[in-house]
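Chemist: Take a look at the following structure, please.
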Amino acid sequence: MKKLRCLALLLLTVSSLAGARTPQWSGSALVRVEITRRGNEWTADYQFDREYPVWVFPRTDVTRDDLKSWRPSSWSVETRGVRIEQRGSYDVLIAHRGDVPRNVRIRFTPFTKGLQDDYTPALQFTDGSVALYIAQFDTFPMASVRDAKALPSDLNNQVVPDAKLTYVLRDQAGPVWLRGKRQAVAETDNKDAYVFFGSLQPIETPAMVGFVDPQLPEWIRGALAQAIPDILARYTQELGAPPGGKPTIMLSWAGPTPGLTSRAGSVLPGLIVLTYEGSGVLSEEEGARVEGLNFIAHEAAHFWLGQTVAYEYARDAWITEGGADLLAMRLTALEHPAYDWRDDFNKSIGDCVNLTKRRGIEDARNRNETRAYYACGAVFGLVAESASGKSFFTFVKKIIDANRVDGIVTRAEWLAALDSASRKPDLSRDIARMLDRGVSDPKSFIASLFERAGVSQSIDAQGMPRLP
Ligand SMILES: [Zn+2]
């Protein structure tokens, strides 16, 4: 079995709009949560500014493998009279009677399985080190369980009650690492990060700080040590400086599970997190090396397309995911002349065709067809590149530079950029149609887009457009 996965800021809009929310409370709740490791024991001590009827944990999700909610098998409430239950779409903290007290202790076991739509709560390194995703501890209060139950499953852009959290992270055994800094106790109000607990020494180069599992197969360690700085340097040259300082890369190894080849990655501001697993990645071979390079190139592209500029709504993920896919194909081809990007691109065409017949790309998420964002986004990227007569890097750089200030690229802005680069408004009109409701014959529709954009293609016996 082969698995490849990227998770890039699908939930970014929740936090990015925090300032624009209208709190339903008169003033926001204040929460301090202290997360402590003592040997193998982990606790989260919540201190709430006052008693509320219910606390909602917005980062509630199911695992990818068995679709079970993750928190019940990881967290247990130690404070008497308080429990965690799922109500509606979210885990909530409630008291057996009355309000939740101001101090609540939770014991937990770091949860290391991948989630459907959210960052993996913890990465386990083989030397015992652990990286914890801070936002799993996020919470906000509500006036009643009924209100909590009525919350929509997708909190993106919803008006939700406000809470100001301070996260305090400490390890009895020594310092912790947060955002490239080693600290005796880390304190932050920015939850979009992994904090590193353990004695593993990071590898520091001028381009990055790397936490690399000591048992990760040697050839992967070597290939990445060289490739990551190259990739970052090349993107910087093409797209401008990335936001923030030196990025951190965390590479964990989940073991040589037989029959599996798995790479899972996610990106947060200034941080790329990758987990490798399976017997399939043990031996060094050219195909796996190129695939690995392409994968990292995709993740690294999100420092620009995803972080320097983000999408407005999750339904616009085709801009960032498809864009990162095409940037990665272009970059891998530059770094690795043997790589044939057309093979990968033809897979994107095939998948986009399969996922857009009479159904819009924007809704793909609700149908568990998120692949459509990657595949069709790359197809639209190639249309933009070809119609503009310049490289895709140039097209992306324009979008980034035009939107650096507000940090958001909307669908309308992307389509307008295509209009101005192509001077053919029928292209953006047709792309909008695929985004909204799909088309009855995606093969010929895409072939026609390609033709008008000047993409050189051949049509196979099944009518499928292909890059020759
Ligand atoms: Zn991605």
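Identifiers in the structure tokens: chain A, B, ... in order shown; residue index from 1 per chain; ligand index from 1 in order shown.
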Could you list, as a ChimeraX atom specification, all residues that come within 12 Å of ligand 1? Count only C-alpha atoms and all ligand atoms.
Modeler: /A:4-10,264-268,272-273,294-307,310,317-328,370-371,373-375,377-378
Chemist: Please tabulate, as CSV, the residues of segment 275-353 of chain A that come within 8 Å of segment 216-223 of chain A, each with its closest pair of atoms and the distance in Å to one decimal, counting only C-alpha atoms and ordering rows by chain, then residue number upward.
Modeler:
residue,atom,partner,partner_atom,distance
A:Tyr276,CA,A:Leu216,CA,7.9
A:Val281,CA,A:Pro217,CA,7.9
A:Leu282,CA,A:Pro217,CA,6.0
A:Ser283,CA,A:Trp219,CA,7.9
A:Glu284,CA,A:Trp219,CA,6.2
A:Arg289,CA,A:Ala223,CA,7.5
Chemist: Write the residues of the preceding selection, restricted to C-alpha atoms, as an mmCIF file, in the first residue's frame.
Modeler:
data_model
loop_
_atom_site.group_PDB
_atom_site.id
_atom_site.type_symbol
_atom_site.label_atom_id
_atom_site.label_comp_id
_atom_site.auth_asym_id
_atom_site.auth_seq_id
_atom_site.Cartn_x
_atom_site.Cartn_y
_atom_site.Cartn_z
ATOM 1 C CA TYR A 276 7.953 8.284 6.960
ATOM 2 C CA VAL A 281 10.975 3.363 1.980
ATOM 3 C CA LEU A 282 13.844 1.261 3.402
ATOM 4 C CA SER A 283 15.822 0.731 0.237
ATOM 5 C CA GLU A 284 17.313 3.459 -1.807
ATOM 6 C CA ARG A 289 14.209 9.434 -4.231
#
Chemist: List as a count of residues only the protein and nucleic acid residues near Ala233 of chain A, meaning an atom at most 12 Å away when only C-alpha atoms are counted, but skip any in the same chain fewer than 3 places from it.
Modeler: 22
Chemist: Give me the residues within 6 Å of Pro256 of chain A as a PyMOL selection string, counting only C-alpha atoms and dropping any in the same chain fewer than 5 places off.
Modeler: chain A and resi 277-279
Chemist: Please identify the alpha helix (DSSP H) residues within segment 71-258 of chain A (assignment by DSSP from backbone atoms) and present them as a list in words.
Modeler: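 Assigned to alpha helix (DSSP H), within segment 71-258 of chain A: Val145, Arg146, Asp147, Ala148, Lys149, Glu218, Trp219, Ile220, Arg221, Gly222, Ala223, Leu224, Ala225, Gln226, Ala227, Ile228, Pro229, Asp230, Ile231, Leu232, Ala233, Arg234, Tyr235, Thr236, Gln237, Glu238 and Leu239 of chain A.
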Chemist: Output N, CA and C atoms for every residue in the selection just made, as an mmCIF file, in the first residue's frame.
Modeler:
data_model
loop_
_atom_site.group_PDB
_atom_site.id
_atom_site.type_symbol
_atom_site.label_atom_id
_atom_site.label_comp_id
_atom_site.auth_asym_id
_atom_site.auth_seq_id
_atom_site.Cartn_x
_atom_site.Cartn_y
_atom_site.Cartn_z
ATOM 1 N N VAL A 145 -24.713 23.319 26.843
ATOM 2 C CA VAL A 145 -24.386 22.167 26.009
ATOM 3 C C VAL A 145 -25.202 22.216 24.720
ATOM 4 N N ARG A 146 -26.417 22.735 24.839
ATOM 5 C CA ARG A 146 -27.255 22.831 23.640
ATOM 6 C C ARG A 146 -26.618 23.733 22.584
ATOM 7 N N ASP A 147 -26.083 24.863 23.044
ATOM 8 C CA ASP A 147 -25.375 25.762 22.115
ATOM 9 C C ASP A 147 -24.183 25.057 21.478
ATOM 10 N N ALA A 148 -23.445 24.315 22.305
ATOM 11 C CA ALA A 148 -22.258 23.618 21.798
ATOM 12 C C ALA A 148 -22.665 22.591 20.744
ATOM 13 N N LYS A 149 -23.768 21.904 21.033
ATOM 14 C CA LYS A 149 -24.263 20.868 20.131
ATOM 15 C C LYS A 149 -24.679 21.451 18.787
ATOM 16 N N GLU A 218 19.110 5.743 6.487
ATOM 17 C CA GLU A 218 20.236 6.639 6.235
ATOM 18 C C GLU A 218 20.129 7.364 4.883
ATOM 19 N N TRP A 219 19.672 6.639 3.866
ATOM 20 C CA TRP A 219 19.649 7.268 2.540
ATOM 21 C C TRP A 219 18.651 8.418 2.487
ATOM 22 N N ILE A 220 17.556 8.299 3.270
ATOM 23 C CA ILE A 220 16.583 9.400 3.295
ATOM 24 C C ILE A 220 17.189 10.598 4.010
ATOM 25 N N ARG A 221 17.865 10.300 5.142
ATOM 26 C CA ARG A 221 18.520 11.393 5.878
ATOM 27 C C ARG A 221 19.471 12.161 4.974
ATOM 28 N N GLY A 222 20.280 11.393 4.247
ATOM 29 C CA GLY A 222 21.281 12.019 3.386
ATOM 30 C C GLY A 222 20.643 12.817 2.255
ATOM 31 N N ALA A 223 19.643 12.201 1.626
ATOM 32 C CA ALA A 223 18.999 12.862 0.482
ATOM 33 C C ALA A 223 18.333 14.163 0.935
ATOM 34 N N LEU A 224 17.693 14.125 2.111
ATOM 35 C CA LEU A 224 16.979 15.301 2.578
ATOM 36 C C LEU A 224 17.921 16.397 3.022
ATOM 37 N N ALA A 225 19.016 15.980 3.669
ATOM 38 C CA ALA A 225 19.973 16.973 4.160
ATOM 39 C C ALA A 225 20.455 17.832 3.001
ATOM 40 N N GLN A 226 20.558 17.219 1.822
ATOM 41 C CA GLN A 226 21.012 17.966 0.663
ATOM 42 C C GLN A 226 19.857 18.669 -0.047
ATOM 43 N N ALA A 227 18.742 17.937 -0.165
ATOM 44 C CA ALA A 227 17.661 18.454 -1.007
ATOM 45 C C ALA A 227 16.918 19.635 -0.383
ATOM 46 N N ILE A 228 16.707 19.588 0.919
ATOM 47 C CA ILE A 228 15.862 20.623 1.527
ATOM 48 C C ILE A 228 16.465 22.025 1.368
ATOM 49 N N PRO A 229 17.748 22.205 1.695
ATOM 50 C CA PRO A 229 18.322 23.538 1.475
ATOM 51 C C PRO A 229 18.261 23.965 0.005
ATOM 52 N N ASP A 230 18.499 23.019 -0.911
ATOM 53 C CA ASP A 230 18.421 23.345 -2.344
ATOM 54 C C ASP A 230 17.039 23.830 -2.730
ATOM 55 N N ILE A 231 16.030 23.090 -2.262
ATOM 56 C CA ILE A 231 14.650 23.421 -2.608
ATOM 57 C C ILE A 231 14.279 24.802 -2.075
ATOM 58 N N LEU A 232 14.637 25.048 -0.815
ATOM 59 C CA LEU A 232 14.298 26.347 -0.217
ATOM 60 C C LEU A 232 15.006 27.485 -0.950
ATOM 61 N N ALA A 233 16.258 27.235 -1.314
ATOM 62 C CA ALA A 233 17.014 28.279 -2.007
ATOM 63 C C ALA A 233 16.400 28.578 -3.371
ATOM 64 N N ARG A 234 15.977 27.531 -4.076
ATOM 65 C CA ARG A 234 15.419 27.720 -5.404
ATOM 66 C C ARG A 234 14.093 28.472 -5.363
ATOM 67 N N TYR A 235 13.231 28.095 -4.434
ATOM 68 C CA TYR A 235 11.964 28.826 -4.304
ATOM 69 C C TYR A 235 12.211 30.289 -3.935
ATOM 70 N N THR A 236 13.172 30.505 -3.033
ATOM 71 C CA THR A 236 13.465 31.882 -2.616
ATOM 72 C C THR A 236 13.901 32.712 -3.813
ATOM 73 N N GLN A 237 14.708 32.096 -4.661
ATOM 74 C CA GLN A 237 15.180 32.780 -5.857
ATOM 75 C C GLN A 237 14.013 33.111 -6.797
ATOM 76 N N GLU A 238 13.072 32.174 -6.937
ATOM 77 C CA GLU A 238 11.972 32.372 -7.885
ATOM 78 C C GLU A 238 10.841 33.234 -7.325
ATOM 79 N N LEU A 239 10.583 33.100 -6.021
ATOM 80 C CA LEU A 239 9.351 33.678 -5.462
ATOM 81 C C LEU A 239 9.594 34.749 -4.414
#
Chemist: What lies within 8 Å of Thr112 of chain A using only C-alpha atoms, ignoring chain neighbours under 2 positions off, as JSON, numbers by chain?
Modeler: {"A": [110, 114, 120, 121, 122, 123, 124]}
Chemist: With only C-alpha atoms as the counted atoms, please give the residues lying no more than 8 Å from Tyr52 of chain A, apart from itself and same-chain residues fewer than 2 positions off, as a PyMOL selection string.
Modeler: chain A and resi 50+54-55+99-101+141-143
Chemist: Could you jot down the atom CA of Cys376 of chain A to atom CA of Gly438 of chain A separation for me, Å, one decimal place?
Modeler: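 Answer for the atom CA of Cys376 of chain A to atom CA of Gly438 of chain A separation: 11.0 Å.
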Chemist: Extract, using only C-alpha atoms, all DNA, RNA and protein residues at most 12 Å from Arg342 of chain A, discarding same-chain residues fewer than 2 positions from it, and format them as a PyMOL selection string.
Modeler: chain A and resi 326+329-330+332-333+338-340+344-349+378-379+382+456-457+465-468
Chemist: Expressed in Å to a single decimal, how great is the separation between atom CA of Leu115 of chain A and atom CA of Asp65 of chain A?
Modeler: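 Between atom CA of Leu115 of chain A and atom CA of Asp65 of chain A the gap works out to 8.1 Å.
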Chemist: Where does DSSP see strand (DSSP E or B) in segment 105-158 of chain A, if you list the residues as a VMD selection string?
Modeler: chain A and resid 105 to 108 115 122 to 124 130 to 133 140 to 142
